[in-house]
$ cat run-v6.tsv   # TSV, C-alpha atoms
chain	number	residue	atom	x	y	z
A	249	MET	CA	16.32	-70.93	-31.41
A	250	TRP	CA	19.45	-70.66	-29.26
A	251	GLN	CA	20.04	-67.18	-30.72
A	252	LYS	CA	16.59	-65.99	-29.57
A	253	THR	CA	17.19	-67.48	-26.13
A	254	TRP	CA	20.58	-65.75	-25.87
A	255	ILE	CA	19.08	-62.40	-26.93
A	256	VAL	CA	16.30	-62.68	-24.33
A	257	ALA	CA	18.81	-63.62	-21.61
A	258	PHE	CA	21.20	-60.83	-22.57
A	259	THR	CA	18.37	-58.28	-22.60
A	260	ALA	CA	17.21	-59.36	-19.15
A	261	TRP	CA	20.78	-59.21	-17.83
A	262	SER	CA	21.23	-55.73	-19.30
A	263	LEU	CA	18.01	-54.44	-17.75
A	264	VAL	CA	19.00	-55.77	-14.32
A	265	ASN	CA	22.42	-54.14	-14.53
A	266	LEU	CA	20.97	-50.86	-15.78
A	267	ALA	CA	18.59	-50.84	-12.84
A	268	GLN	CA	21.49	-51.40	-10.44
A	269	ALA	CA	23.72	-48.78	-12.10
A	270	GLU	CA	21.69	-45.90	-10.74
A	271	ASN	CA	22.20	-42.17	-10.80
A	272	TRP	CA	22.06	-40.30	-7.48
A	273	PRO	CA	20.27	-37.06	-8.46
A	274	ALA	CA	19.68	-35.55	-5.00
A	275	TRP	CA	21.30	-35.62	-1.58
A	276	ARG	CA	19.08	-38.48	-0.37
A	277	GLY	CA	18.61	-40.11	-3.76
A	278	ALA	CA	15.78	-40.01	-6.29
A	279	LYS	CA	13.06	-40.73	-3.70
A	280	GLY	CA	14.61	-38.66	-0.91
A	281	ASP	CA	14.76	-41.68	1.39
A	282	GLY	CA	18.48	-42.48	1.50
A	283	ILE	CA	17.97	-45.91	-0.10
A	284	SER	CA	20.07	-47.15	-3.01
A	285	GLN	CA	19.31	-50.23	-5.12
A	286	GLU	CA	23.01	-50.91	-5.58
A	287	THR	CA	24.38	-54.10	-4.05
A	288	ASN	CA	28.02	-53.97	-5.19
A	289	LEU	CA	29.35	-50.86	-3.43
A	290	PRO	CA	32.81	-50.87	-1.82
A	291	GLU	CA	32.93	-52.15	1.73
A	292	VAL	CA	36.63	-51.65	2.56
A	293	PHE	CA	38.65	-48.54	1.61
A	294	SER	CA	40.82	-45.73	3.03
A	295	HIS	CA	42.24	-42.37	1.92
A	296	GLU	CA	44.53	-44.36	-0.41
A	297	ARG	CA	43.08	-47.86	-0.73
A	298	ASN	CA	40.40	-48.44	-3.41
A	299	VAL	CA	40.33	-44.71	-4.31
A	300	THR	CA	39.75	-44.06	-8.04
A	301	TRP	CA	40.43	-40.33	-7.70
A	302	LYS	CA	40.27	-37.45	-5.25
A	303	THR	CA	39.93	-33.78	-6.12
A	304	PRO	CA	40.96	-30.98	-3.73
A	305	LEU	CA	38.14	-28.57	-2.87
A	306	PRO	CA	38.56	-24.79	-2.45
A	307	GLY	CA	36.64	-24.66	0.82
A	308	PRO	CA	34.93	-26.71	3.55
A	309	GLY	CA	31.29	-27.70	3.30
A	310	ASN	CA	28.49	-29.98	4.43
A	311	SER	CA	26.71	-30.45	1.10
A	312	THR	CA	26.54	-33.85	-0.56
A	313	PRO	CA	27.69	-34.57	-4.13
A	314	ILE	CA	25.11	-35.78	-6.64
A	315	VAL	CA	25.80	-37.95	-9.69
A	316	TRP	CA	24.22	-38.15	-13.14
A	317	GLU	CA	25.97	-40.45	-15.62
A	318	GLU	CA	29.30	-38.76	-16.46
A	319	HIS	CA	28.73	-35.73	-14.21
A	320	VAL	CA	29.27	-35.09	-10.51
A	321	PHE	CA	27.84	-31.86	-9.06
A	322	LEU	CA	28.72	-30.19	-5.78
A	323	THR	CA	28.21	-26.83	-4.04
A	324	CYS	CA	30.99	-25.03	-2.18
A	325	ALA	CA	31.53	-21.56	-0.70
A	326	THR	CA	34.75	-19.56	-0.55
A	327	GLU	CA	35.86	-16.18	0.85
A	328	ASN	CA	33.78	-16.73	4.00
A	329	GLY	CA	30.58	-17.11	2.02
A	330	LYS	CA	31.04	-14.12	-0.24
A	331	VAL	CA	31.39	-16.47	-3.25
A	332	ARG	CA	29.04	-19.45	-3.56
A	333	SER	CA	29.65	-21.94	-6.33
A	334	LEU	CA	28.19	-24.91	-8.16
A	335	PHE	CA	30.86	-27.27	-9.50
A	336	CYS	CA	30.60	-29.89	-12.24
A	337	LEU	CA	33.28	-32.60	-12.21
A	338	ASP	CA	34.09	-35.34	-14.69
A	339	ARG	CA	32.86	-38.56	-13.15
A	340	ASN	CA	35.71	-40.65	-14.58
A	341	THR	CA	38.68	-38.42	-13.73
A	342	GLY	CA	37.57	-35.95	-11.03
A	343	ARG	CA	38.60	-33.05	-13.26
A	344	ILE	CA	36.54	-29.88	-12.74
A	345	ARG	CA	34.61	-29.28	-15.97
A	346	TRP	CA	33.06	-25.96	-15.01
A	347	ARG	CA	32.17	-23.74	-12.09
A	348	TYR	CA	29.31	-21.27	-11.70
A	349	SER	CA	29.78	-18.70	-8.92
A	350	ALA	CA	27.36	-16.27	-7.33
A	351	ALA	CA	28.73	-13.30	-5.38
A	352	TYR	CA	27.12	-12.35	-2.08
A	353	PRO	CA	29.00	-9.43	-0.51
A	354	ASP	CA	26.50	-8.90	2.33
A	355	GLN	CA	27.01	-10.45	5.76
A	356	GLU	CA	25.01	-13.63	6.47
A	357	SER	CA	25.09	-15.32	9.85
A	358	ALA	CA	26.15	-18.97	10.10
A	359	HIS	CA	27.40	-21.50	12.63
A	360	SER	CA	30.99	-22.72	12.44
A	361	ASP	CA	29.63	-26.27	11.96
A	362	ASN	CA	27.35	-25.09	9.15
A	363	PRO	CA	29.46	-23.45	6.40
A	364	TYR	CA	27.74	-21.55	3.60
A	365	CYS	CA	26.38	-23.62	0.69
A	366	SER	CA	25.44	-26.50	2.98
A	367	GLY	CA	22.46	-27.34	0.76
A	368	SER	CA	23.12	-29.95	-1.93
A	369	PRO	CA	22.34	-29.56	-5.64
A	370	THR	CA	19.56	-31.46	-7.45
A	371	THR	CA	19.19	-32.57	-11.07
A	372	ASP	CA	16.56	-33.97	-13.42
A	373	GLY	CA	19.17	-35.09	-15.95
A	374	THR	CA	18.71	-31.98	-18.10
A	375	LEU	CA	19.31	-29.09	-15.69
A	376	VAL	CA	21.07	-28.93	-12.34
A	377	TYR	CA	19.66	-26.72	-9.58
A	378	ALA	CA	21.29	-25.18	-6.51
A	379	SER	CA	20.08	-22.95	-3.71
A	380	PHE	CA	22.67	-20.52	-2.34
A	381	ASP	CA	20.34	-19.38	0.45
A	382	SER	CA	20.44	-15.54	0.60
A	383	ALA	CA	22.38	-15.54	-2.70
A	384	GLY	CA	19.41	-17.03	-4.59
A	385	VAL	CA	18.59	-20.12	-6.65
A	386	VAL	CA	20.19	-21.05	-9.97
A	387	ALA	CA	19.50	-23.54	-12.77
A	388	CYS	CA	22.30	-24.50	-15.18
A	389	ASP	CA	22.46	-26.92	-18.06
A	390	PHE	CA	25.12	-29.62	-18.10
A	391	SER	CA	27.54	-27.38	-20.03
A	392	GLY	CA	27.43	-24.75	-17.28
A	393	LYS	CA	25.15	-22.29	-19.08
A	394	VAL	CA	22.83	-20.42	-16.70
A	395	ILE	CA	19.21	-21.04	-17.75
A	396	TRP	CA	17.67	-18.92	-15.02
A	397	ARG	CA	18.49	-17.36	-11.66
A	398	ARG	CA	16.21	-16.04	-8.91
A	399	ASP	CA	16.86	-13.75	-5.97
A	400	LEU	CA	14.36	-14.78	-3.29
A	401	GLY	CA	15.57	-12.44	-0.57
A	402	LYS	CA	17.82	-12.59	2.46
A	403	LEU	CA	17.55	-15.30	5.12
A	404	LYS	CA	18.57	-14.69	8.73
A	405	HIS	CA	19.26	-17.28	11.41
A	406	VAL	CA	22.05	-17.43	13.98
A	407	PHE	CA	22.98	-20.99	12.86
A	408	GLY	CA	22.58	-20.23	9.15
A	409	PRO	CA	20.25	-21.92	6.62
A	410	SER	CA	20.56	-25.10	4.59
A	411	SER	CA	18.32	-25.28	1.53
A	412	THR	CA	18.36	-28.37	-0.69
A	413	PRO	CA	15.88	-28.06	-3.60
A	414	VAL	CA	13.45	-30.90	-4.34
A	415	LEU	CA	12.08	-31.68	-7.81
A	416	TYR	CA	8.42	-32.58	-8.22
A	417	LYS	CA	7.00	-32.85	-11.75
A	418	ASN	CA	7.49	-29.36	-13.26
A	419	LEU	CA	8.30	-27.76	-9.90
A	420	LEU	CA	11.42	-27.03	-7.88
A	421	ILE	CA	10.42	-26.88	-4.20
A	422	VAL	CA	12.72	-25.09	-1.76
A	423	HIS	CA	12.26	-24.90	2.01
A	424	ARG	CA	13.84	-21.53	2.78
A	425	GLY	CA	14.58	-21.33	6.45
A	426	PRO	CA	14.96	-21.39	9.35
A	427	GLY	CA	14.80	-17.91	10.80
A	428	GLU	CA	13.32	-14.74	9.43
A	429	PRO	CA	11.69	-15.21	7.04
A	430	THR	CA	10.79	-18.89	6.72
A	431	HIS	CA	8.76	-20.02	3.74
A	432	ILE	CA	8.38	-22.89	1.28
A	433	VAL	CA	8.47	-21.78	-2.34
A	434	ALA	CA	7.83	-23.68	-5.57
A	435	LEU	CA	9.43	-22.43	-8.77
A	436	ASP	CA	8.75	-23.51	-12.34
A	437	LYS	CA	11.81	-25.67	-12.98
A	438	ARG	CA	12.04	-24.48	-16.61
A	439	THR	CA	11.80	-20.72	-16.02
A	440	GLY	CA	12.28	-20.05	-12.30
A	441	ALA	CA	8.92	-18.29	-12.05
A	442	THR	CA	7.16	-18.56	-8.68
A	443	VAL	CA	4.23	-21.01	-8.78
A	444	TRP	CA	3.34	-20.90	-5.09
A	445	ASP	CA	4.82	-19.49	-1.88
A	446	THR	CA	3.74	-20.76	1.55
A	447	PRO	CA	4.84	-18.69	4.60
A	448	GLU	CA	5.79	-20.43	7.85
A	449	LYS	CA	6.63	-19.14	11.32
A	450	GLY	CA	10.30	-18.25	11.63
A	451	ILE	CA	12.32	-17.08	14.64
A	452	ASP	CA	15.99	-16.12	14.60
A	453	ASP	CA	16.89	-18.18	17.66
A	454	LYS	CA	19.41	-21.01	18.06
A	455	LEU	CA	16.78	-23.19	19.76
A	456	TYR	CA	14.09	-22.75	17.09
A	457	GLY	CA	13.95	-23.77	13.44
A	458	SER	CA	13.87	-26.53	10.86
A	459	TRP	CA	16.64	-27.50	8.46
A	460	SER	CA	14.57	-30.40	7.15
A	461	THR	CA	14.17	-31.05	3.41
A	462	PRO	CA	10.68	-31.80	1.94
A	463	VAL	CA	10.10	-35.53	1.37
A	464	ILE	CA	7.55	-36.58	-1.28
A	465	TYR	CA	5.32	-39.60	-0.58
A	466	GLN	CA	2.09	-41.03	-1.95
A	467	VAL	CA	-1.03	-41.93	0.00
A	468	ASN	CA	-4.42	-43.00	-1.38
A	469	GLY	CA	-3.27	-42.19	-4.91
A	470	ARG	CA	-2.28	-38.62	-3.98
A	471	ASP	CA	1.14	-37.01	-3.75
A	472	GLU	CA	2.04	-35.09	-0.59
A	473	PHE	CA	5.22	-33.90	1.04
A	474	ALA	CA	6.20	-33.87	4.71
A	475	LEU	CA	8.38	-31.52	6.73
A	476	SER	CA	9.55	-31.85	10.32
A	477	MET	CA	8.87	-28.30	11.47
A	478	PRO	CA	9.36	-26.64	14.89
A	479	GLY	CA	7.04	-28.40	17.31
A	480	GLU	CA	5.13	-30.41	14.72
A	481	LEU	CA	5.16	-32.73	11.75
A	482	LYS	CA	3.34	-31.22	8.76
A	483	GLY	CA	2.05	-32.33	5.36
A	484	TYR	CA	1.48	-30.26	2.22
A	485	ASP	CA	0.07	-30.49	-1.30
A	486	PRO	CA	3.10	-30.23	-3.65
A	487	GLN	CA	0.99	-28.81	-6.48
A	488	THR	CA	-0.33	-25.85	-4.47
A	489	GLY	CA	1.73	-25.58	-1.28
A	490	LYS	CA	-1.47	-25.84	0.78
A	491	GLU	CA	-1.07	-27.25	4.28
A	492	LEU	CA	-3.00	-30.53	4.48
A	493	TRP	CA	-2.37	-31.65	8.04
A	494	LYS	CA	-0.21	-31.14	11.10
A	495	CYS	CA	0.47	-33.04	14.28
A	496	ALA	CA	2.16	-31.61	17.36
A	497	GLY	CA	4.83	-33.53	19.23
A	498	LEU	CA	8.26	-32.60	17.88
A	499	GLY	CA	10.89	-30.40	19.50
A	500	PRO	CA	11.54	-26.77	18.51
A	501	SER	CA	14.68	-27.56	16.44
A	502	ASN	CA	14.69	-30.21	13.73
A	503	TYR	CA	17.62	-31.17	11.51
A	504	PRO	CA	16.79	-34.65	10.09
A	505	ASP	CA	14.39	-35.24	7.21
A	506	THR	CA	11.09	-37.01	7.82
A	507	ALA	CA	11.50	-40.77	7.38
A	508	VAL	CA	9.00	-42.68	5.21
A	509	ALA	CA	8.38	-46.29	6.26
A	510	GLY	CA	5.55	-47.83	4.24
A	511	ASP	CA	2.43	-45.90	5.26
A	512	VAL	CA	4.13	-44.39	8.31
A	513	LEU	CA	5.86	-41.00	8.64
A	514	ILE	CA	8.47	-40.51	11.35
A	515	GLY	CA	9.51	-37.05	12.51
A	516	VAL	CA	12.83	-36.72	14.33
A	517	SER	CA	13.92	-33.74	16.45
A	518	GLY	CA	17.33	-32.37	17.36
A	519	PHE	CA	18.66	-31.16	20.74
A	520	GLN	CA	17.71	-34.46	22.46
A	521	LYS	CA	14.03	-33.80	21.96
A	522	SER	CA	11.22	-36.05	20.75
A	523	MET	CA	10.58	-38.47	17.91
A	524	MET	CA	7.14	-39.64	16.75
A	525	ALA	CA	5.33	-41.67	14.11
A	526	ILE	CA	1.94	-41.14	12.46
A	527	ARG	CA	0.06	-42.94	9.71
A	528	MET	CA	-0.33	-41.18	6.37
A	529	GLY	CA	-3.69	-39.90	5.16
A	530	GLY	CA	-4.75	-37.56	7.97
A	531	ARG	CA	-6.29	-34.12	7.41
A	532	GLY	CA	-6.46	-30.95	9.45
A	533	VAL	CA	-5.11	-30.63	12.99
A	534	LEU	CA	-4.30	-34.10	14.28
A	535	ASP	CA	-4.35	-34.78	18.01
A	536	GLU	CA	-2.33	-37.25	20.06
A	537	SER	CA	-4.56	-40.13	18.99
A	538	ALA	CA	-3.08	-39.85	15.48
A	539	ARG	CA	0.36	-40.86	16.76
A	540	LEU	CA	1.45	-44.47	16.51
A	541	TRP	CA	4.00	-43.70	19.19
A	542	HIS	CA	5.88	-40.80	20.72
A	543	VAL	CA	9.31	-40.82	22.37
A	544	GLU	CA	9.73	-37.77	24.59
A	545	LYS	CA	13.54	-37.66	24.88
A	546	THR	CA	16.21	-38.93	22.48
A	547	GLN	CA	19.90	-38.40	21.85
A	548	GLN	CA	21.06	-35.43	19.78
A	549	ARG	CA	20.48	-36.10	16.07
A	550	ILE	CA	21.79	-34.12	13.12
A	551	GLY	CA	21.81	-36.58	10.21
A	552	SER	CA	18.77	-38.22	8.65
A	553	GLY	CA	17.89	-41.87	9.24
A	554	VAL	CA	16.71	-44.52	6.81
A	555	ALA	CA	13.75	-46.92	7.04
A	556	LYS	CA	13.96	-50.47	5.67
A	557	ALA	CA	11.83	-53.58	6.20
A	558	GLY	CA	10.10	-52.34	9.34
A	559	TYR	CA	13.12	-50.77	11.04
A	560	LEU	CA	14.46	-47.24	11.26
A	561	TYR	CA	18.25	-46.86	11.38
A	562	LEU	CA	19.51	-43.65	12.99
A	563	SER	CA	22.82	-41.93	13.66
A	564	ASN	CA	23.08	-40.18	17.02
A	565	ALA	CA	25.54	-37.31	17.36
A	566	PRO	CA	27.36	-38.80	20.41
A	567	GLY	CA	28.73	-41.52	18.11
A	568	ILE	CA	25.97	-44.08	18.59
A	569	ALA	CA	24.03	-45.90	15.86
A	570	GLU	CA	20.51	-47.05	16.68
A	571	CYS	CA	17.86	-49.39	15.26
A	572	VAL	CA	14.22	-48.62	16.08
A	573	GLU	CA	11.18	-50.76	15.34
A	574	VAL	CA	8.83	-48.72	13.13
A	575	ALA	CA	5.64	-50.29	14.51
A	576	THR	CA	6.37	-49.50	18.17
A	577	GLY	CA	9.17	-46.91	18.40
A	578	LYS	CA	11.14	-49.27	20.65
A	579	THR	CA	14.92	-49.46	20.35
A	580	VAL	CA	16.07	-52.83	19.01
A	581	TRP	CA	19.79	-52.12	19.33
A	582	LYS	CA	22.00	-49.16	20.16
A	583	GLU	CA	25.75	-49.43	19.58
A	584	ARG	CA	28.66	-47.02	19.95
A	585	LEU	CA	30.62	-46.46	16.73
A	586	GLY	CA	32.73	-43.58	18.05
A	587	GLY	CA	33.44	-39.94	17.33
A	588	ASN	CA	30.77	-37.37	16.51
A	589	LEU	CA	28.21	-39.07	14.33
A	590	TRP	CA	26.75	-36.25	12.21
A	591	GLY	CA	26.35	-38.17	8.97
A	592	SER	CA	23.06	-39.24	7.37
A	593	VAL	CA	22.56	-42.97	6.89
A	594	LEU	CA	22.78	-44.55	3.43
A	595	CYS	CA	21.19	-47.95	2.85
A	596	ALA	CA	22.45	-49.96	-0.14
A	597	GLY	CA	21.22	-53.52	-0.42
A	598	GLU	CA	21.78	-55.09	2.98
A	599	ARG	CA	24.39	-52.56	4.10
A	600	LEU	CA	24.29	-49.26	5.95
A	601	TYR	CA	26.92	-46.53	5.50
A	602	VAL	CA	27.41	-43.56	7.81
A	603	ALA	CA	30.32	-41.18	8.53
A	604	ASN	CA	31.47	-39.42	11.68
A	605	THR	CA	33.05	-35.98	11.67
A	606	GLU	CA	36.49	-37.44	12.37
A	607	GLY	CA	36.54	-39.04	8.92
A	608	LYS	CA	35.58	-42.63	9.65
A	609	ILE	CA	32.93	-44.30	7.50
A	610	PHE	CA	31.21	-47.22	9.16
A	611	VAL	CA	29.58	-50.07	7.25
A	612	MET	CA	26.91	-52.04	9.12
A	613	ALA	CA	24.39	-54.73	8.31
A	614	ALA	CA	20.89	-53.41	7.66
A	615	SER	CA	19.47	-55.86	10.17
A	616	PRO	CA	17.70	-55.97	13.56
A	617	GLN	CA	20.85	-57.80	14.72
A	618	PHE	CA	23.76	-55.39	14.97
A	619	GLU	CA	26.83	-56.24	12.89
A	620	LEU	CA	29.69	-53.89	12.11
A	621	LEU	CA	31.12	-54.97	8.76
A	622	ALA	CA	33.93	-52.43	8.30
A	623	THR	CA	35.43	-49.19	9.58
A	624	ASN	CA	37.10	-47.08	6.89
A	625	ASP	CA	39.27	-44.11	7.88
A	626	LEU	CA	39.73	-41.21	5.44
A	627	GLY	CA	41.28	-39.07	8.14
A	628	GLU	CA	39.49	-35.90	7.02
A	629	HIS	CA	36.56	-33.98	8.51
A	630	ILE	CA	33.19	-35.17	7.11
A	631	LYS	CA	29.67	-33.88	7.60
A	632	ALA	CA	28.21	-34.63	4.15
A	633	ALA	CA	26.18	-37.72	3.30
A	634	ILE	CA	27.63	-40.45	1.07
A	635	ALA	CA	26.47	-40.66	-2.56
A	636	PRO	CA	26.43	-44.04	-4.37
A	637	SER	CA	26.34	-44.59	-8.14
A	638	ASP	CA	27.19	-47.53	-10.40
A	639	GLY	CA	29.41	-49.39	-7.95
A	640	GLN	CA	31.13	-46.28	-6.59
A	641	LEU	CA	30.89	-44.07	-3.51
A	642	PHE	CA	31.35	-40.31	-3.67
A	643	VAL	CA	32.50	-38.82	-0.37
A	644	ARG	CA	32.89	-35.12	0.31
A	645	THR	CA	35.27	-34.13	3.10
A	646	TYR	CA	36.30	-30.64	4.16
A	647	GLU	CA	39.41	-31.05	2.00
A	648	ASN	CA	38.61	-33.30	-0.96
A	649	LEU	CA	35.96	-35.00	-3.02
A	650	TYR	CA	36.67	-38.75	-3.18
A	651	CYS	CA	35.52	-41.30	-5.74
A	652	VAL	CA	35.85	-44.73	-4.13
A	653	GLY	CA	35.68	-48.02	-6.00
A	654	ARG	CA	35.57	-49.05	-9.64
A	655	ARG	CA	32.69	-48.24	-11.92
A	656	ARG	CA	30.65	-51.30	-12.81

$ encode --input "run-v6.tsv" --output "structure tokens"
Amino acid sequence: MWQKTWIVAFTAWSLVNLAQAENWPAWRGAKGDGISQETNLPEVFSHERNVTWKTPLPGPGNSTPIVWEEHVFLTCATENGKVRSLFCLDRNTGRIRWRYSAAYPDQESAHSDNPYCSGSPTTDGTLVYASFDSAGVVACDFSGKVIWRRDLGKLKHVFGPSSTPVLYKNLLIVHRGPGEPTHIVALDKRTGATVWDTPEKGIDDKLYGSWSTPVIYQVNGRDEFALSMPGELKGYDPQTGKELWKCAGLGPSNYPDTAVAGDVLIGVSGFQKSMMAIRMGGRGVLDESARLWHVEKTQQRIGSGVAKAGYLYLSNAPGIAECVEVATGKTVWKERLGGNLWGSVLCAGERLYVANTEGKIFVMAASPQFELLATNDLGEHIKAAIAPSDGQLFVRTYENLYCVGRRR
């Protein structure tokens, strides 16, 4: 009898630990919400302390590493964008296993704060996908073999694009923009064939465009995805690309992803413009009555926020973290962390992680009462988000890729 009891207990323990030892298959995690189920991530570290390995990178970049079991994937551009690469690293040692590179000899405009290959890769555990913007989209297997590659045409925007693919069932959805042209395209993830292609308005202007990544959510038993687009928050059918609804009220330039908080969607603008919340389930052109709330003017925001237990946690570019009540849009707390806070917020258990461009990673309590738990200084320029997996943090700077902490 004791043997059966021990087996049941061990099985339950194993399942709990497997659930906690998660992969991080996309730049905002499997659900695209920036929330990790891990509760044992490192809290205190530096460029030397608690570092398992660090691997020098051949060029700067804003893209986030993703992790699948023994593999870490990352995009990086060299030769001023003329070579755009997908790297696979050994998760245990940091050694580069393979590199796929796409040449793009033509000139493509970009901002100095937005290097080429700023979109992160995505994986389903079998193939890994990367968008190189004007240099196309590629799918590789885990040995580095190219399964398919698509040239989807040149993109043009003064600030440059940032395309992170999103997996949905058998589709790979890519928001290709901003600028001329702007469109959302779905490719068959097995072959690269176009399944649907939805055009959007694009203008090559520094004050107009969306760098937002599609976020999948479910409402009334249906799957939809949201995008914070210029001037409006919009929803689409992921199977067909058909526009389902739209609601005006955002600014003309949007960097953060749409936040999902229960049955509420929150669109966040850049350039100190507006933020608003609506309930899911609407159809057609929604008027002001569809908004739960609307904040006309905010601080500059580049990184994406995270929603947890009725609160939205945001990073503001002037170095200020903010907690907003989802139900009302009212600020609960606003605290200065310092530097230029470009990073997207990661929530793991009861902790929040976010990096500033000066290389400091702040750890805060995910709570309506502000508490700064730690400040960790890597001393290197950071714009990428932080990727967690199995007790470790993967941090991409402009110089190195760090693996922090011990694998659980």

$ closest_residue --input "run-v6.tsv" --among "A:Trp396, A:Glu583, A:Pro369, A:Glu291" --to "Leu322 (chain A)" --atoms "all atoms listed in the file"
A:Pro369

$ residues_near_point --input "run-v6.tsv" --point "(24.1, -37.2, -13.3)" --cutoff "12 Å" --atoms "only C-alpha atoms" --output "count of residues only"
37

$ closest_residue --input "run-v6.tsv" --among "A:Trp275, A:Phe642, A:Tyr650, A:Phe335" --to "Thr461 (chain A)" --atoms "only C-alpha atoms"
A:Trp275

$ closest_residue --input "run-v6.tsv" --among "A:Trp581, A:Gly342, A:Glu619, A:Tyr348" --to "Arg599 (chain A)" --atoms "all atoms listed in the file"
A:Glu619

$ atom_distance --input "run-v6.tsv" --atom1 "CA of Leu649 (chain A)" --atom2 "CA of Val554 (chain A)"
23.6 Å

$ atom_distance --input "run-v6.tsv" --atom1 "CA of Asn418 (chain A)" --atom2 "CA of Lys279 (chain A)"
15.9 Å

$ closest_residue --input "run-v6.tsv" --among "A:Ile526, A:Val543, A:Ala538, A:Cys571" --to "Gln617 (chain A)" --atoms "all atoms listed in the file"
A:Cys571

$ atom_distance --input "run-v6.tsv" --atom1 "CA of Phe618 (chain A)" --atom2 "CA of Val602 (chain A)"
14.3 Å

$ residues_around --input "run-v6.tsv" --residues "His629 (chain A)" --least-positions-apart "6" --cutoff "7 Å" --atoms "all atoms listed in the file" --output "count of residues only"
5

$ residues_around --input "run-v6.tsv" --residues "Ser382 (chain A)" --least-positions-apart "5" --cutoff "8 Å" --atoms "all atoms listed in the file" --output "MDAnalysis selection string"
chainID A and resid 352 356 399:403

$ residues_near_point --input "run-v6.tsv" --point "(2.5, -32.2, 12.7)" --cutoff "8 Å" --atoms "only C-alpha atoms" --output "count of residues only"
15

$ closest_residue --input "run-v6.tsv" --among "A:Ala565, A:Leu621, A:Ala596, A:Cys388" --to "Asn288 (chain A)" --atoms "all atoms listed in the file"
A:Ala596

$ closest_residue --input "run-v6.tsv" --among "A:Tyr503, A:Lys490, A:Gln466, A:Gly577" --to "Met528 (chain A)" --atoms "only C-alpha atoms"
A:Gln466

$ residues_around --input "run-v6.tsv" --residues "Cys595 (chain A)" --least-positions-apart "3" --cutoff "7 Å" --atoms "all atoms listed in the file" --output "ChimeraX atom specification"
/A:282-284,554,599-601

$ write_last_selection --input "run-v6.tsv" --atoms "C-alpha atoms" --output "PDB file, in the frame of the given file"
ATOM      1  CA  GLY A 282      18.480 -42.480   1.500  1.00  0.00           C
ATOM      2  CA  ILE A 283      17.970 -45.910  -0.100  1.00  0.00           C
ATOM      3  CA  SER A 284      20.070 -47.150  -3.010  1.00  0.00           C
ATOM      4  CA  VAL A 554      16.710 -44.520   6.810  1.00  0.00           C
ATOM      5  CA  ARG A 599      24.390 -52.560   4.100  1.00  0.00           C
ATOM      6  CA  LEU A 600      24.290 -49.260   5.950  1.00  0.00           C
ATOM      7  CA  TYR A 601      26.920 -46.530   5.500  1.00  0.00           C
TER       8      TYR A 601
END

$ residues_around --input "run-v6.tsv" --residues "region 448-450 of chain A" --least-positions-apart "3" --cutoff "10 Å" --atoms "only C-alpha atoms" --output "ChimeraX atom specification"
/A:404-405,423-432,445,453,456-458,477-478

$ residues_around --input "run-v6.tsv" --residues "Ala622 (chain A)" --least-positions-apart "4" --cutoff "10 Å" --atoms "all atoms listed in the file" --output "JSON, numbers by chain"
{"A": [291, 292, 293, 601, 609, 610, 611, 612, 613]}

$ write_last_selection --input "run-v6.tsv" --atoms "C-alpha atoms" --output "compact mmCIF listing (two decimals), in the frame of the given file"
# COMPACT_ATOMS: atom_id res chain seq x y z
CA GLU A 291 32.93 -52.15 1.73
CA VAL A 292 36.63 -51.65 2.56
CA PHE A 293 38.65 -48.54 1.61
CA TYR A 601 26.92 -46.53 5.50
CA ILE A 609 32.93 -44.30 7.50
CA PHE A 610 31.21 -47.22 9.16
CA VAL A 611 29.58 -50.07 7.25
CA MET A 612 26.91 -52.04 9.12
CA ALA A 613 24.39 -54.73 8.31
